[in-house]
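Q: See protein-v2.cif below, with mmCIF, C-alpha atoms.
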data_final
#
loop_
_atom_site.label_atom_id
_atom_site.label_comp_id
_atom_site.auth_asym_id
_atom_site.auth_seq_id
_atom_site.Cartn_x
_atom_site.Cartn_y
_atom_site.Cartn_z
CA GLN A 1 50.47 71.50 91.51
CA MET A 2 53.75 73.05 92.59
CA ARG A 3 56.45 73.74 90.02
CA MET A 4 59.81 75.56 90.01
CA ALA A 5 60.10 79.08 88.65
CA ASP A 6 61.47 79.10 85.13
CA GLY A 7 62.07 82.81 84.64
CA MET A 8 58.56 83.35 83.17
CA GLY A 9 56.42 82.52 86.19
CA GLY A 10 56.48 81.53 89.85
CA MET A 11 54.64 78.83 91.78
CA ASN A 12 51.30 77.73 90.17
CA GLY A 13 52.14 79.87 87.14
CA LEU A 14 51.98 83.15 89.07
CA PRO A 15 54.72 85.77 88.67
CA PRO A 16 57.39 85.54 91.36
CA PRO A 17 57.23 88.05 94.19
CA PRO A 18 59.43 91.14 93.77
CA GLU A 19 62.04 89.90 96.25
CA ALA A 20 62.52 86.56 94.50
CA PRO A 21 65.86 86.31 92.66
CA ALA A 22 65.82 85.99 88.90
CA ARG A 23 67.78 82.97 87.71
CA ALA A 24 70.50 83.38 85.08
CA THR A 25 70.45 81.08 82.09
CA VAL A 26 72.92 78.21 81.84
CA GLY A 27 74.68 79.95 78.95
CA THR A 28 75.08 83.14 80.98
CA ALA A 29 76.42 81.21 83.94
CA ARG A 30 78.94 79.42 81.78
CA ARG A 31 80.08 82.64 80.13
CA LEU A 32 80.62 84.16 83.55
CA GLY A 33 82.74 81.22 84.62
CA HIS A 34 80.18 79.61 87.02
CA VAL A 35 79.93 75.82 86.98
CA SER A 36 76.48 75.65 88.55
CA GLN A 37 73.52 75.50 86.16
CA HIS A 38 71.28 77.18 88.74
CA THR A 39 73.31 80.24 89.65
CA CYS A 40 70.99 83.08 90.71
CA TYR A 41 71.59 86.81 90.81
CA PRO A 42 69.53 89.62 92.28
CA PRO A 43 67.44 91.84 89.96
CA GLY A 44 69.66 93.94 87.74
CA GLY A 45 71.97 91.13 86.62
CA PRO A 46 75.24 89.70 87.93
CA PRO A 47 77.52 91.79 90.12
CA VAL A 48 80.21 93.73 88.29
CA PRO A 49 83.66 92.37 89.23
CA ALA A 50 86.03 94.80 90.89
CA PRO A 51 88.73 96.17 88.56
CA MET A 52 92.00 94.30 88.69
CA ASN A 53 94.58 96.08 90.82
CA MET A 54 97.93 95.75 89.14
CA LYS A 55 99.72 97.01 92.25
CA PRO A 56 101.28 94.17 94.27
CA ASP A 57 100.28 93.68 97.86
CA LYS A 58 102.48 94.87 100.70
CA GLU A 59 103.98 91.48 101.51
CA SER A 60 104.60 89.65 98.26
CA LEU A 61 104.18 89.86 94.52
CA GLU A 62 103.50 87.27 91.88
CA VAL A 63 104.51 87.89 88.30
CA ALA A 64 104.61 85.89 85.10
CA THR A 65 108.07 85.56 83.58
CA LEU A 66 108.39 84.91 79.85
CA VAL A 67 109.90 81.55 79.00
CA GLU A 68 111.17 81.49 75.44
CA GLY A 69 111.03 78.26 73.54
CA ALA A 70 109.13 76.65 70.68
CA THR A 71 106.12 78.58 71.93
CA GLU A 72 105.92 81.47 74.34
CA THR A 73 104.82 80.42 77.79
CA ARG A 74 104.83 82.10 81.15
CA ARG A 75 105.59 80.82 84.61
CA SER A 76 104.61 82.46 87.86
CA THR A 77 107.02 83.26 90.64
CA ARG A 78 106.02 84.52 94.06
CA LEU A 79 108.48 86.88 95.66
CA ARG A 80 108.24 87.91 99.30
CA LEU A 81 108.85 91.61 99.83
CA THR A 82 110.80 92.10 103.04
CA PRO A 83 110.06 94.89 105.53
CA GLU A 84 113.51 96.31 104.77
CA PHE A 85 112.68 96.59 101.07
CA LEU A 86 109.23 98.07 101.69
CA ALA A 87 110.77 100.69 103.97
CA VAL A 88 112.77 101.95 100.98
CA TYR A 89 110.53 101.37 97.94
CA ASP A 90 106.76 101.42 97.46
CA LEU A 91 106.09 99.22 94.44
CA GLY A 92 103.37 100.18 91.98
CA GLU A 93 102.12 98.71 88.72
CA LYS A 94 104.03 96.29 86.55
CA LEU A 95 105.52 98.08 83.53
CA GLY A 96 106.73 95.07 81.61
CA ALA A 97 108.38 91.66 81.66
CA GLY A 98 111.05 90.06 79.54
CA SER A 99 112.89 86.78 79.36
CA TYR A 100 114.46 87.20 82.79
CA GLY A 101 113.47 90.51 84.38
CA THR A 102 110.22 92.15 85.45
CA VAL A 103 109.99 95.93 85.78
CA PHE A 104 107.75 97.76 88.24
CA ALA A 105 107.04 101.42 88.75
CA ALA A 106 107.88 102.46 92.29
CA VAL A 107 108.38 105.41 94.59
CA ALA A 108 111.45 105.92 96.76
CA VAL A 109 109.93 106.31 100.22
CA ALA A 110 112.57 108.70 101.56
CA THR A 111 112.49 111.18 98.66
CA GLY A 112 109.18 110.55 96.88
CA ARG A 113 111.07 110.13 93.62
CA LYS A 114 109.47 107.95 90.95
CA VAL A 115 111.76 105.11 89.93
CA ALA A 116 111.72 101.83 88.02
CA VAL A 117 112.61 98.60 89.81
CA LYS A 118 113.75 95.67 87.69
CA VAL A 119 113.68 92.33 89.52
CA LEU A 120 115.25 89.04 88.45
CA MET A 121 112.48 86.52 89.11
CA ASP A 122 114.37 83.28 88.45
CA ALA A 123 117.32 83.69 90.80
CA THR A 124 118.23 79.99 90.44
CA ASN A 125 119.26 80.42 86.79
CA ALA A 126 123.02 81.03 86.90
CA GLU A 127 123.24 82.49 83.37
CA GLN A 128 120.33 84.89 83.86
CA ASN A 129 121.76 85.90 87.23
CA GLU A 130 125.10 86.74 85.63
CA ARG A 131 123.42 88.72 82.84
CA PHE A 132 121.43 90.65 85.42
CA GLN A 133 124.50 91.37 87.56
CA ARG A 134 126.42 92.41 84.47
CA GLU A 135 123.71 94.88 83.48
CA ALA A 136 123.97 96.47 86.92
CA ARG A 137 127.77 96.72 86.69
CA VAL A 138 127.71 98.13 83.18
CA LEU A 139 125.04 100.75 83.86
CA ARG A 140 126.79 101.93 87.03
CA ALA A 141 129.93 102.52 84.99
CA ILE A 142 128.12 104.83 82.55
CA GLU A 143 127.06 108.37 83.33
CA HIS A 144 125.60 109.88 80.20
CA PRO A 145 122.39 111.86 79.52
CA ASN A 146 121.40 109.45 76.75
CA VAL A 147 121.74 106.28 78.84
CA VAL A 148 119.30 105.33 81.61
CA ARG A 149 120.94 105.89 85.01
CA VAL A 150 121.17 103.33 87.81
CA LEU A 151 120.24 104.68 91.23
CA ASP A 152 120.53 101.57 93.39
CA VAL A 153 121.11 97.82 93.33
CA GLY A 154 120.23 95.24 95.93
CA THR A 155 118.65 91.89 96.74
CA VAL A 156 115.23 91.04 98.13
CA SER A 157 114.51 87.50 99.32
CA GLY A 158 117.43 86.22 97.25
CA HIS A 159 116.33 88.01 94.06
CA PRO A 160 118.62 90.78 92.77
CA TYR A 161 117.07 94.04 91.63
CA ILE A 162 118.18 97.21 89.84
CA VAL A 163 116.64 100.61 90.50
CA THR A 164 116.83 103.16 87.67
CA GLU A 165 115.26 106.50 86.93
CA LEU A 166 111.71 106.16 85.61
CA LEU A 167 111.40 107.33 82.02
CA GLU A 168 108.15 108.71 80.68
CA GLY A 169 108.34 106.77 77.44
CA PRO A 170 107.29 105.58 74.96
CA THR A 171 109.92 103.29 73.49
CA LEU A 172 110.97 103.84 69.91
CA ARG A 173 109.29 100.55 69.06
CA ALA A 174 105.94 101.80 70.38
CA LEU A 175 106.38 105.10 68.55
CA LEU A 176 107.08 103.38 65.23
CA ARG A 177 103.91 101.33 65.61
CA LYS A 178 101.97 104.58 65.50
CA LYS A 179 104.15 106.33 62.93
CA GLU A 180 105.48 104.33 60.01
CA LYS A 181 107.87 107.14 59.12
CA LEU A 182 109.28 109.87 61.38
CA PRO A 183 109.58 113.47 60.19
CA VAL A 184 113.12 114.33 59.07
CA GLU A 185 113.90 116.63 62.02
CA GLU A 186 112.56 114.11 64.52
CA ALA A 187 114.57 111.31 62.92
CA LEU A 188 117.76 113.40 62.97
CA ALA A 189 117.28 114.29 66.65
CA LEU A 190 116.72 110.61 67.43
CA ALA A 191 119.86 109.59 65.55
CA ARG A 192 121.94 112.20 67.38
CA ASP A 193 120.67 111.03 70.77
CA VAL A 194 121.25 107.35 70.07
CA LEU A 195 124.74 107.96 68.66
CA ALA A 196 125.59 110.10 71.69
CA GLY A 197 124.43 107.34 74.03
CA ARG A 198 126.40 104.78 72.07
CA GLU A 199 129.49 106.99 72.33
CA GLY A 200 128.96 107.29 76.08
CA CYS A 201 129.00 103.51 76.34
CA HIS A 202 132.06 103.13 74.14
CA GLN A 203 134.01 105.73 76.10
CA VAL A 204 134.06 103.36 79.06
CA GLY A 205 134.68 100.34 76.85
CA VAL A 206 131.10 99.04 76.77
CA VAL A 207 129.41 97.52 73.72
CA HIS A 208 125.61 97.43 74.01
CA ARG A 209 125.21 94.37 71.71
CA ASP A 210 121.41 94.60 71.56
CA LEU A 211 120.52 98.02 70.16
CA LYS A 212 116.99 97.96 68.76
CA PRO A 213 113.83 100.12 68.93
CA ALA A 214 112.54 98.29 72.03
CA ASN A 215 115.73 99.29 73.91
CA ILE A 216 115.46 103.00 73.13
CA MET A 217 113.05 105.03 75.27
CA PHE A 218 112.17 108.71 75.42
CA ASP A 219 112.22 110.74 78.62
CA ALA A 220 109.99 113.68 79.56
CA GLN A 221 112.14 116.04 77.45
CA ARG A 222 111.66 113.74 74.41
CA ARG A 223 115.33 112.82 74.61
CA ALA A 224 116.17 109.27 73.48
CA ARG A 225 117.84 107.09 76.10
CA LEU A 226 119.48 103.67 75.81
CA LEU A 227 118.35 100.96 78.21
CA ASP A 228 118.40 97.20 78.79
CA LEU A 229 122.12 96.47 78.76
CA GLY A 230 121.68 92.87 79.88
CA LEU A 231 123.78 91.64 76.94
CA ALA A 232 126.32 94.47 77.09
CA GLY A 233 129.96 93.55 77.42
CA LEU A 234 133.26 95.22 78.08
CA THR A 235 135.49 95.29 75.02
CA SER A 236 138.46 94.41 77.23
CA SER A 237 136.63 91.59 79.04
CA SER A 238 137.14 87.91 78.38
CA GLU A 239 133.76 86.99 79.94
CA HIS A 240 131.23 85.24 77.74
CA LEU A 241 127.57 84.63 78.50
CA THR A 242 126.73 82.55 75.47
CA ARG A 243 126.49 78.76 75.66
CA ALA A 244 127.79 76.57 72.88
CA GLY A 245 125.36 76.70 69.98
CA THR A 246 123.37 79.54 71.56
CA MET A 247 123.04 83.05 70.16
CA LEU A 248 121.99 85.89 72.46
CA GLY A 249 120.61 89.03 70.91
CA THR A 250 118.12 90.05 68.24
CA PRO A 251 119.02 88.57 64.83
CA LYS A 252 117.32 91.37 62.88
CA TYR A 253 119.79 93.93 64.31
CA MET A 254 122.79 91.66 64.88
CA ALA A 255 126.16 92.27 63.26
CA PRO A 256 127.60 89.22 61.47
CA GLU A 257 130.56 88.91 63.86
CA LEU A 258 128.16 88.92 66.80
CA ALA A 259 125.97 86.28 65.18
CA MET A 260 128.99 84.07 64.54
CA GLY A 261 130.34 84.45 68.07
CA GLY A 262 133.41 86.42 67.01
CA THR A 263 135.19 89.35 68.64
CA VAL A 264 132.86 92.32 69.04
CA ASP A 265 133.63 96.02 69.36
CA GLY A 266 131.72 99.28 68.93
CA ARG A 267 131.19 98.68 65.23
CA ALA A 268 128.57 96.04 66.09
CA ASP A 269 126.42 98.77 67.63
CA LEU A 270 126.84 100.93 64.51
CA TYR A 271 125.66 98.01 62.40
CA ALA A 272 122.55 97.66 64.57
CA LEU A 273 121.75 101.34 64.05
CA GLY A 274 121.84 100.86 60.29
#
Any chance you could give the structure as structure tokens?
A:
Amino acid sequence: QMRMADGMGGMNGLPPPPEAPARATVGTARRLGHVSQHTCYPPGGPPVPAPMNMKPDKESLEVATLVEGATETRRSTRLRLTPEFLAVYDLGEKLGAGSYGTVFAAVAVATGRKVAVKVLMDATNAEQNERFQREARVLRAIEHPNVVRVLDVGTVSGHPYIVTELLEGPTLRALLRKKEKLPVEEALALARDVLAGREGCHQVGVVHRDLKPANIMFDAQRRARLLDLGLAGLTSSSEHLTRAGTMLGTPKYMAPELAMGGTVDGRADLYALG
């Protein structure tokens, strides 16, 4: 009588020939994401999947943008990279994503310089677009060794982007996760750098408005640099990016006048620093 192989024997109870595939169990198939209950693999087990390549392809990229709400969700946006853009920048791995921007490591094709490219993924959102454009304007107005420097701005397939120098990192937030308390000398050097960067902003009339450990990053010389000025504003500007009943910023580091929507000057940044 003929019967199917069950992993212990072949036809008529004899062992299967060497070339016969060994069948995976249903549980194994399900764990591996296969819907078939009779998925077979060659001797040695299932094939090892190729490692995920975080580098986008040469024609388009798809990233998940954080959508803040009652729960954190992510939506995907596909962005076509034009030949003109690819002739200037070779995009590498994704470094991070926030509520409106996604940052990629990249190389400037002409010079070979390593840079960071921040892309606004939801170009249809007028408020996010204005915040992104404001960050570009503010950063271009500041030239200070303790503030990240903008190298280029542009648009690709309708999505604005900002190119800045690529910092080695880590952020102060990442550092504090490893060290609960910094040595005194290291803390003093950090405070001097951050205060110097704050002063550089204030000299051109810019208030950061969102100073926090996640927005302070170290460069290769271990010098602290300020970044992410998407909420920054000019002290002489009458522009407002907040909607009625909406508070932009990080409450834990927010000065009372900023939380209440009042007039803000450089003292709000001092409050954030503690």
Q: Counting all atoms listed in the file, which residue out of A:Phe218, A:Tyr253, A:Tyr89, A:Tyr161 sits closest to A:Lys114?
A: A:Tyr89
Q: To one decimal in Å, tell me the separation between atom CA of A:Gly154 and atom CA of A:Phe85.
A: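 Atom-to-atom, atom CA of A:Gly154 and atom CA of A:Phe85 are spaced 9.2 Å apart.
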Q: Taking the file above as input, evaluate the PyMOL selection byres ((chain A and resi 115) around 6) and report the hits as a list in words.
A: Ala106, Val107, Lys114, Ala116, Thr164, Glu165 and Leu166 of chain A
Q: Using only C-alpha atoms, which of A:Val156, A:Met217, A:Ala224, A:Val119 sits nearest A:Glu186?
A: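 Looking only at the distances to A:Glu186, the closest residue turns out to be A:Ala224.
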Q: Just how far from atom CA of A:Gly101 is atom CA of A:Leu175, in Å to one decimal?
A: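 A separation of 22.7 Å between them.
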Q: For A:Gln221, which residue among A:Leu151, A:Leu172, A:Ala123, A:Leu167 is the nearest when counting only C-alpha atoms?
A: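 Using only C-alpha atoms, A:Gln221 sits closest to A:Leu167.
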Q: Atom CA of A:Val153 and atom CA of A:Glu135, how far apart in Å?
A: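 About the pair atom CA of A:Glu135 and atom CA of A:Val153: they are 10.6 Å apart.
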Q: List every protein, DNA or RNA residue that has at least one atom no more than 6 Å from (121.3, 95.3, 73.6) in the file's coordinates, counting only C-alpha atoms, and write the result as a VMD selection string.
A: chain A and resid 208 to 211 229 231
Q: Quick one: residues within 10 Å of A:Gly158, only C-alpha atoms counted, chain neighbours fewer than 3 positions away excluded, as a ChimeraX atom specification?
A: /A:79-80,120-124,154-155,161
Q: Taking the file as I've supplied it (selection: the PyMOL selection byres ((chain A and resi 87) around 12)), which residues are included? Please answer as a ChimeraX atom specification.
A: /A:58-59,81-86,88-91,107-111
Q: Find the axis-aligned box for stretch 192-201 of chain A, covering all its listed atoms and adding 4 Å on each side, and write its centre and edge lengths in Å to one decimal as JSON.
A:
{"center_x": 125.1, "center_y": 107.9, "center_z": 71.9, "size_x": 16.8, "size_y": 16.7, "size_z": 17.0}
Q: Using all atoms listed in the file for the distances, tell me which of A:Ala105, A:Cys201, A:Leu176, A:Val148 is nearest to A:Ala214.
A: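 Comparing A:Ala105, A:Cys201, A:Leu176, A:Val148 against A:Ala214, the winner is A:Leu176.
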Q: Name the residues that the PyMOL selection byres ((chain A and resi 213) around 7) pulls out of this structure, and write them as a list of chain:residue names.
A: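 Output from the PyMOL selection byres ((chain A and resi 213) around 7), applied to this file: A:Thr171, A:Leu172, A:Arg173, A:Lys212, A:Ala214, A:Asn215, A:Ile216.
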Q: Which of these, A:Pro170, A:Gly205, A:Gly249, A:Pro256, has the shortest distance to A:Ala220 once you count only C-alpha atoms?
A: A:Pro170
Q: Within 9 Å of (127.9, 105.6, 81.9) in the file's own coordinates, which protein, DNA or RNA residues have an atom, counting only C-alpha atoms? List them as an NGL selection string.
A: :A and (138-145 or 147-149 or 197 or 200-201 or 203-204 or 206)
